[in-house]
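Chemist: This is the content of protein.cif (mmCIF, C-alpha atoms):
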```cif
data_query
loop_
_atom_site.group_PDB
_atom_site.id
_atom_site.type_symbol
_atom_site.label_atom_id
_atom_site.label_comp_id
_atom_site.auth_asym_id
_atom_site.auth_seq_id
_atom_site.Cartn_x
_atom_site.Cartn_y
_atom_site.Cartn_z
ATOM 1 C CA MET A 298 8.698 0.440 10.973
ATOM 2 C CA ILE A 299 8.391 -3.311 10.271
ATOM 3 C CA ARG A 300 6.948 -5.853 12.666
ATOM 4 C CA ILE A 301 8.090 -9.445 12.176
ATOM 5 C CA THR A 302 6.078 -11.952 14.193
ATOM 6 C CA GLU A 303 7.816 -14.551 16.360
ATOM 7 C CA SER A 304 6.854 -17.335 13.937
ATOM 8 C CA ALA A 305 8.300 -15.374 10.995
ATOM 9 C CA GLN A 306 11.493 -14.643 12.940
ATOM 10 C CA ALA A 307 11.879 -18.369 13.675
ATOM 11 C CA HIS A 308 11.321 -19.121 9.985
ATOM 12 C CA PHE A 309 13.972 -16.609 8.933
ATOM 13 C CA ARG A 310 16.462 -17.944 11.504
ATOM 14 C CA LYS A 311 15.963 -21.443 10.095
ATOM 15 C CA LEU A 312 16.489 -20.238 6.508
ATOM 16 C CA LEU A 313 19.515 -18.118 7.425
ATOM 17 C CA ALA A 314 21.193 -21.049 9.200
ATOM 18 C CA ASP A 315 21.917 -22.514 5.739
ATOM 19 C CA GLN A 316 23.401 -19.255 4.414
ATOM 20 C CA PRO A 317 26.949 -17.868 4.776
ATOM 21 C CA ASP A 318 27.759 -16.199 8.111
ATOM 22 C CA ASN A 319 26.352 -12.718 8.731
ATOM 23 C CA THR A 320 23.688 -13.040 6.021
ATOM 24 C CA ASN A 321 20.529 -11.134 6.946
ATOM 25 C CA ILE A 322 17.242 -10.476 5.180
ATOM 26 C CA ARG A 323 16.411 -7.501 2.982
ATOM 27 C CA VAL A 324 12.872 -6.123 2.942
ATOM 28 C CA PHE A 325 12.113 -3.880 -0.029
ATOM 29 C CA VAL A 326 9.452 -2.264 -2.191
ATOM 30 C CA VAL A 327 9.745 -2.221 -5.982
ATOM 31 C CA ASN A 328 8.053 0.857 -7.530
ATOM 32 C CA PRO A 329 7.245 2.354 -4.103
ATOM 33 C CA GLY A 330 4.459 4.900 -3.967
ATOM 34 C CA THR A 331 2.855 3.742 -7.219
ATOM 35 C CA PRO A 332 -0.150 1.533 -7.979
ATOM 36 C CA SER A 333 2.274 -1.154 -9.220
ATOM 37 C CA ALA A 334 4.251 -1.305 -5.953
ATOM 38 C CA GLU A 335 5.333 -4.805 -4.925
ATOM 39 C CA CYS A 336 6.965 -5.831 -1.640
ATOM 40 C CA GLY A 337 9.554 -8.498 -1.214
ATOM 41 C CA VAL A 338 12.027 -10.223 1.082
ATOM 42 C CA SER A 339 15.389 -11.644 0.009
ATOM 43 C CA TYR A 340 18.696 -12.737 1.463
ATOM 44 C CA CYS A 341 21.119 -9.914 2.176
ATOM 45 C CA PRO A 342 24.785 -10.951 2.321
ATOM 46 C CA PRO A 343 27.061 -8.563 4.243
ATOM 47 C CA ASP A 344 28.690 -7.206 1.084
ATOM 48 C CA SER A 345 25.345 -5.961 -0.297
ATOM 49 C CA VAL A 346 24.539 -3.637 2.612
ATOM 50 C CA GLU A 347 24.692 0.001 1.483
ATOM 51 C CA THR A 348 25.739 2.933 3.696
ATOM 52 C CA ASP A 349 22.250 4.469 3.662
ATOM 53 C CA ASP A 350 20.444 1.182 4.479
ATOM 54 C CA GLN A 351 18.594 0.906 7.769
ATOM 55 C CA LEU A 352 19.367 -2.127 9.939
ATOM 56 C CA LEU A 353 16.456 -3.294 12.070
ATOM 57 C CA PRO A 354 17.584 -5.788 14.738
ATOM 58 C CA PHE A 355 15.538 -8.926 15.352
ATOM 59 C CA SER A 356 16.262 -12.147 17.218
ATOM 60 C CA GLY A 357 19.239 -13.744 15.424
ATOM 61 C CA PHE A 358 19.298 -11.496 12.343
ATOM 62 C CA ASP A 359 18.816 -7.968 11.044
ATOM 63 C CA ALA A 360 16.227 -6.773 8.536
ATOM 64 C CA VAL A 361 17.948 -4.478 6.041
ATOM 65 C CA VAL A 362 15.820 -1.774 4.405
ATOM 66 C CA ASP A 363 16.995 0.577 1.648
ATOM 67 C CA SER A 364 16.322 4.285 2.034
ATOM 68 C CA SER A 365 13.853 4.501 -0.859
ATOM 69 C CA SER A 366 11.706 1.647 0.506
ATOM 70 C CA ALA A 367 11.745 2.730 4.162
ATOM 71 C CA PRO A 368 8.930 5.347 4.064
ATOM 72 C CA PHE A 369 6.650 2.867 2.313
ATOM 73 C CA LEU A 370 7.217 0.081 4.857
ATOM 74 C CA THR A 371 5.717 1.983 7.781
ATOM 75 C CA ASP A 372 3.306 -0.361 9.607
ATOM 76 C CA ALA A 373 4.432 -3.387 7.539
ATOM 77 C CA VAL A 374 3.968 -6.832 9.102
ATOM 78 C CA ILE A 375 5.693 -10.069 8.128
ATOM 79 C CA ASP A 376 4.049 -13.241 9.400
ATOM 80 C CA PHE A 377 4.569 -16.977 8.930
ATOM 81 C CA GLU A 378 1.585 -19.291 9.307
ATOM 82 C CA VAL A 379 1.751 -23.064 9.427
ATOM 83 C CA GLN A 380 -1.413 -24.546 7.931
ATOM 84 C CA GLU A 381 -2.666 -28.059 7.234
ATOM 85 C CA LEU A 382 -1.725 -27.928 3.558
ATOM 86 C CA GLY A 383 1.582 -26.139 4.039
ATOM 87 C CA SER A 384 2.925 -22.897 5.366
ATOM 88 C CA GLN A 385 2.773 -19.353 4.139
ATOM 89 C CA LEU A 386 4.962 -16.286 4.613
ATOM 90 C CA THR A 387 2.996 -13.050 4.246
ATOM 91 C CA LEU A 388 4.199 -9.472 4.016
ATOM 92 C CA LYS A 389 1.494 -6.859 4.462
ATOM 93 C CA ALA A 390 2.612 -3.308 3.759
ATOM 94 C CA PRO A 391 -0.437 -1.005 3.742
ATOM 95 C CA ASN A 392 1.665 2.014 2.778
ATOM 96 C CA ALA A 393 3.613 0.495 -0.137
ATOM 97 C CA LYS A 394 1.484 2.150 -2.803
ATOM 98 C CA ALA A 395 1.313 5.541 -1.064
ATOM 99 C CA LYS A 396 3.542 7.020 1.608
ATOM 100 C CA LYS A 397 1.665 7.441 4.881
ATOM 101 C CA VAL A 398 0.816 11.043 5.718
ATOM 102 C CA ASP A 399 0.630 12.605 9.160
ATOM 103 C CA ASP A 400 -2.722 12.983 10.897
ATOM 104 C CA ASP A 401 -2.304 16.761 10.785
ATOM 105 C CA ALA A 402 -1.428 16.898 7.057
ATOM 106 C CA PRO A 403 -3.694 19.007 4.831
ATOM 107 C CA LEU A 404 -7.074 17.381 4.148
ATOM 108 C CA ILE A 405 -6.385 16.852 0.444
ATOM 109 C CA GLU A 406 -3.216 14.876 1.273
ATOM 110 C CA ARG A 407 -5.032 12.699 3.809
ATOM 111 C CA VAL A 408 -7.886 12.029 1.371
ATOM 112 C CA GLU A 409 -5.468 11.252 -1.477
ATOM 113 C CA TYR A 410 -3.565 8.863 0.806
ATOM 114 C CA MET A 411 -6.774 6.994 1.656
ATOM 115 C CA ILE A 412 -7.708 6.831 -2.038
ATOM 116 C CA GLN A 413 -4.275 5.488 -3.032
ATOM 117 C CA ALA A 414 -3.866 3.080 -0.111
ATOM 118 C CA GLU A 415 -7.408 1.707 0.242
ATOM 119 C CA VAL A 416 -9.685 2.551 -2.688
ATOM 120 C CA ASN A 417 -7.396 2.180 -5.709
ATOM 121 C CA PRO A 418 -6.194 -1.333 -4.846
ATOM 122 C CA GLN A 419 -9.853 -2.427 -4.992
ATOM 123 C CA LEU A 420 -10.537 -0.542 -8.225
ATOM 124 C CA ALA A 421 -7.370 -1.988 -9.756
ATOM 125 C CA ASN A 422 -9.034 -5.422 -9.686
ATOM 126 C CA HIS A 423 -11.257 -4.071 -12.463
ATOM 127 C CA GLY A 424 -8.576 -2.011 -14.201
ATOM 128 C CA GLY A 425 -9.748 1.266 -12.676
ATOM 129 C CA LYS A 426 -8.380 4.062 -10.544
ATOM 130 C CA VAL A 427 -9.453 7.355 -9.025
ATOM 131 C CA SER A 428 -7.615 10.461 -7.850
ATOM 132 C CA VAL A 429 -8.494 13.609 -5.933
ATOM 133 C CA ASN A 430 -8.662 16.682 -8.156
ATOM 134 C CA GLN A 431 -9.512 19.167 -5.399
ATOM 135 C CA ILE A 432 -11.496 19.701 -2.227
ATOM 136 C CA THR A 433 -13.881 22.619 -2.424
ATOM 137 C CA ALA A 434 -14.380 25.207 0.310
ATOM 138 C CA ASP A 435 -17.679 23.544 1.246
ATOM 139 C CA GLY A 436 -16.015 20.137 1.754
ATOM 140 C CA ILE A 437 -16.756 18.380 -1.536
ATOM 141 C CA ALA A 438 -14.024 15.975 -2.678
ATOM 142 C CA VAL A 439 -13.809 16.337 -6.452
ATOM 143 C CA LEU A 440 -12.641 13.039 -7.960
ATOM 144 C CA GLN A 441 -11.356 11.972 -11.379
ATOM 145 C CA PHE A 442 -11.794 8.350 -12.491
ATOM 146 C CA GLY A 443 -9.561 6.615 -14.992
ATOM 147 C CA GLY A 444 -8.770 3.246 -16.515
ATOM 148 C CA GLY A 445 -11.628 0.751 -16.466
ATOM 149 C CA CYS A 446 -13.788 3.119 -14.378
ATOM 150 C CA ASN A 447 -14.033 5.540 -17.308
ATOM 151 C CA GLY A 448 -17.356 4.680 -18.929
ATOM 152 C CA CYS A 449 -18.246 1.842 -16.550
ATOM 153 C CA SER A 450 -21.982 1.552 -15.968
ATOM 154 C CA MET A 451 -21.379 1.033 -12.219
ATOM 155 C CA VAL A 452 -19.285 4.159 -11.623
ATOM 156 C CA ASP A 453 -22.152 6.033 -9.924
ATOM 157 C CA VAL A 454 -22.709 3.158 -7.486
ATOM 158 C CA THR A 455 -18.968 2.935 -6.813
ATOM 159 C CA LEU A 456 -18.842 6.689 -6.194
ATOM 160 C CA LYS A 457 -21.894 7.066 -3.945
ATOM 161 C CA GLU A 458 -22.207 3.683 -2.216
ATOM 162 C CA GLY A 459 -18.510 2.947 -1.900
ATOM 163 C CA ILE A 460 -16.112 5.866 -2.050
ATOM 164 C CA GLU A 461 -18.385 8.587 -0.657
ATOM 165 C CA LYS A 462 -19.517 6.474 2.310
ATOM 166 C CA GLU A 463 -15.917 5.591 3.169
ATOM 167 C CA LEU A 464 -14.665 9.172 2.852
ATOM 168 C CA LEU A 465 -17.521 10.644 4.918
ATOM 169 C CA ALA A 466 -16.987 8.026 7.621
ATOM 170 C CA ARG A 467 -13.241 8.692 7.720
ATOM 171 C CA PHE A 468 -13.484 12.516 7.554
ATOM 172 C CA PRO A 469 -16.910 13.251 9.118
ATOM 173 C CA ASN A 470 -16.300 16.842 10.164
ATOM 174 C CA GLU A 471 -14.238 17.811 7.128
ATOM 175 C CA LEU A 472 -15.987 16.370 4.045
ATOM 176 C CA THR A 473 -19.627 16.840 3.056
ATOM 177 C CA GLY A 474 -19.739 14.814 -0.172
ATOM 178 C CA VAL A 475 -18.018 13.771 -3.387
ATOM 179 C CA ARG A 476 -18.375 14.779 -7.029
ATOM 180 C CA ASP A 477 -17.116 13.070 -10.173
ATOM 181 C CA ILE A 478 -15.667 15.349 -12.860
ATOM 182 C CA THR A 479 -14.755 12.528 -15.252
ATOM 183 C CA GLU A 480 -16.099 12.830 -18.799
ATOM 184 C CA HIS A 481 -17.086 9.182 -19.054
ATOM 185 C CA GLN A 482 -16.730 7.746 -22.535
ATOM 186 C CA ARG A 483 -18.632 4.559 -23.192
ATOM 187 C CA GLY A 484 -16.785 1.748 -24.882
ATOM 188 C CA GLU A 485 -15.012 -1.548 -24.542
ATOM 189 C CA HIS A 486 -12.048 0.072 -22.750
ATOM 190 C CA SER A 487 -14.032 -0.056 -19.488
ATOM 191 C CA TYR A 488 -14.476 -3.797 -19.351
ATOM 192 C CA TYR A 489 -12.038 -6.649 -18.908
#
```
Would it be possible to restate this file's structure as structure tokens?
Modeler:
Amino acid sequence: MIRITESAQAHFRKLLADQPDNTNIRVFVVNPGTPSAECGVSYCPPDSVETDDQLLPFSGFDAVVDSSSAPFLTDAVIDFEVQELGSQLTLKAPNAKAKKVDDDAPLIERVEYMIQAEVNPQLANHGGKVSVNQITADGIAVLQFGGGCNGCSMVDVTLKEGIEKELLARFPNELTGVRDITEHQRGEHSYY
């Protein structure tokens, strides 16, 4: 579920050495499965471990994960890098905003997962988002834009040069194109 690099494990062991005995780390996701999902790591004293928590053993400590965060931490990686100007602990959880789906899940679920996990984080930088409305029998992904994308003058470029190219590359034998069904309203709401 979670991979913690050797350098991050050493960092955690050093931090935990100053904590009360049997303190571990907790890895969690706040607002899992939503565009506002945030990942975090904190100390986890023994009295805060719940019965449905998962304990993941590492060298010198356990990583404790609550049951609601667990599905969204699949493929997560915690790393610790020492750099010239300091050090940095990073937690990358590619499935925090959308729960990973199986490779054999229905096409609409796999496309929606890709949109939520890869496309929407980029659109969120501009206050936008997109969702899958349907996939037609002839393989057209019908998309609905929202937020800052609604009325943006670049939405056609984003759709054809960005989203469509990515979707067709990822699902080459299943999708044939994309279509936008958004009724774009011009106005200041599209710009930040």
Chemist: Using all atoms listed in the file, which protein or nucleic acid residues come within 8 Å of stretch 334-346 of chain A? Drop anything in the same chain fewer than 3 positions from it, and give the result as an MDAnalysis selection string.
Modeler: chainID A and resid 317 319:331 350 361 388 390 393:394
Chemist: Please write out, as lines of an AutoDock Vina configuration file, where the centre of an axis-aligned box around all listed atoms of stretch 343-346 of chain A lies and how long its edges are, in Å to one decimal, after adding 4 Å on each side.
Modeler:
```
center_x = 26.6
center_y = -6.1
center_z = 2.0
size_x = 12.2
size_y = 12.9
size_z = 12.5
```
Chemist: Taking the file as shown, what set of residues would the PyMOL selection byres ((chain A and resi 451) around 12) give back, as a list in words?
Modeler: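 When the PyMOL selection byres ((chain A and resi 451) around 12) is applied to the shown file, the picked residues are Leu420, His423, Gly425, Gly445, Cys446, Asn447, Gly448, Cys449, Ser450, Val452, Asp453, Val454, Thr455, Leu456, Lys457, Glu458, Gly459, His481, Arg483, Ser487 and Tyr488 of chain A.
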Chemist: Could you give me, as JSON lines, a per-residue list for stretch 383-436 of chain A showing, wherever an atom lies at most 10 Å from an atom of stretch 369-378 of chain A, the closest pair of atoms and their distance in Å to one decimal, using only C-alpha atoms and sorting by chain then residue number from low to high?
Modeler:
```
{"residue": "A:Gly383", "atom": "CA", "partner": "A:Glu378", "partner_atom": "CA", "distance": 8.6}
{"residue": "A:Ser384", "atom": "CA", "partner": "A:Glu378", "partner_atom": "CA", "distance": 5.5}
{"residue": "A:Gln385", "atom": "CA", "partner": "A:Glu378", "partner_atom": "CA", "distance": 5.3}
{"residue": "A:Leu386", "atom": "CA", "partner": "A:Phe377", "partner_atom": "CA", "distance": 4.4}
{"residue": "A:Thr387", "atom": "CA", "partner": "A:Asp376", "partner_atom": "CA", "distance": 5.3}
{"residue": "A:Leu388", "atom": "CA", "partner": "A:Ile375", "partner_atom": "CA", "distance": 4.4}
{"residue": "A:Lys389", "atom": "CA", "partner": "A:Val374", "partner_atom": "CA", "distance": 5.3}
{"residue": "A:Ala390", "atom": "CA", "partner": "A:Ala373", "partner_atom": "CA", "distance": 4.2}
{"residue": "A:Pro391", "atom": "CA", "partner": "A:Ala373", "partner_atom": "CA", "distance": 6.6}
{"residue": "A:Asn392", "atom": "CA", "partner": "A:Phe369", "partner_atom": "CA", "distance": 5.1}
{"residue": "A:Ala393", "atom": "CA", "partner": "A:Phe369", "partner_atom": "CA", "distance": 4.6}
{"residue": "A:Lys394", "atom": "CA", "partner": "A:Phe369", "partner_atom": "CA", "distance": 7.3}
{"residue": "A:Ala395", "atom": "CA", "partner": "A:Phe369", "partner_atom": "CA", "distance": 6.9}
{"residue": "A:Lys396", "atom": "CA", "partner": "A:Phe369", "partner_atom": "CA", "distance": 5.2}
{"residue": "A:Lys397", "atom": "CA", "partner": "A:Phe369", "partner_atom": "CA", "distance": 7.2}
```
Chemist: Looking at A:Ala314, A:Leu353, A:Ile432, A:Leu464, which one is nearest to A:Ala367, with distances taken over all atoms listed in the file?
Modeler: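 Looking only at the distances to A:Ala367, the closest residue turns out to be A:Leu353.
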Chemist: Please compute the atom CA of A:Gln380-atom CA of A:Arg300 distance, one decimal, in Å.
Modeler: 21.0 Å
Chemist: Just give me the gap between atom CA of A:Val416 and atom CA of A:Lys462 in Å, one decimal is fine.
Modeler: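 The value is 11.7 Å.
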Chemist: Using only C-alpha atoms, can you tell me which of A:Met411, A:Phe358, A:Ile405, A:Thr348 comes closest to A:Ala466?
Modeler: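 Between A:Met411, A:Phe358, A:Ile405, A:Thr348, the residue approaching A:Ala466 most closely is A:Met411.
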Chemist: Evaluating the PyMOL selection byres ((chain A and resi 468-478) around 7) on the displayed file yields which residues, as a list in words?
Modeler: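 Matching residues under the PyMOL selection byres ((chain A and resi 468-478) around 7) are Gly436, Ile437, Ala438, Val439, Leu440, Gln441, Glu461, Leu464, Leu465, Ala466, Arg467, Thr479 and Glu480 of chain A.
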Chemist: As an exercise, work out the distance from atom CA of A:Ser364 to atom CA of A:Ala414 in Å and give it to one decimal place.
Modeler: 20.3 Å
Chemist: Using all atoms listed in the file for the distances, tell me which of A:Pro403, A:Val398, A:Pro332, A:Ile301 is nearest to A:Pro354.
Modeler: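 Closest residue, counting all atoms listed in the file: A:Ile301.
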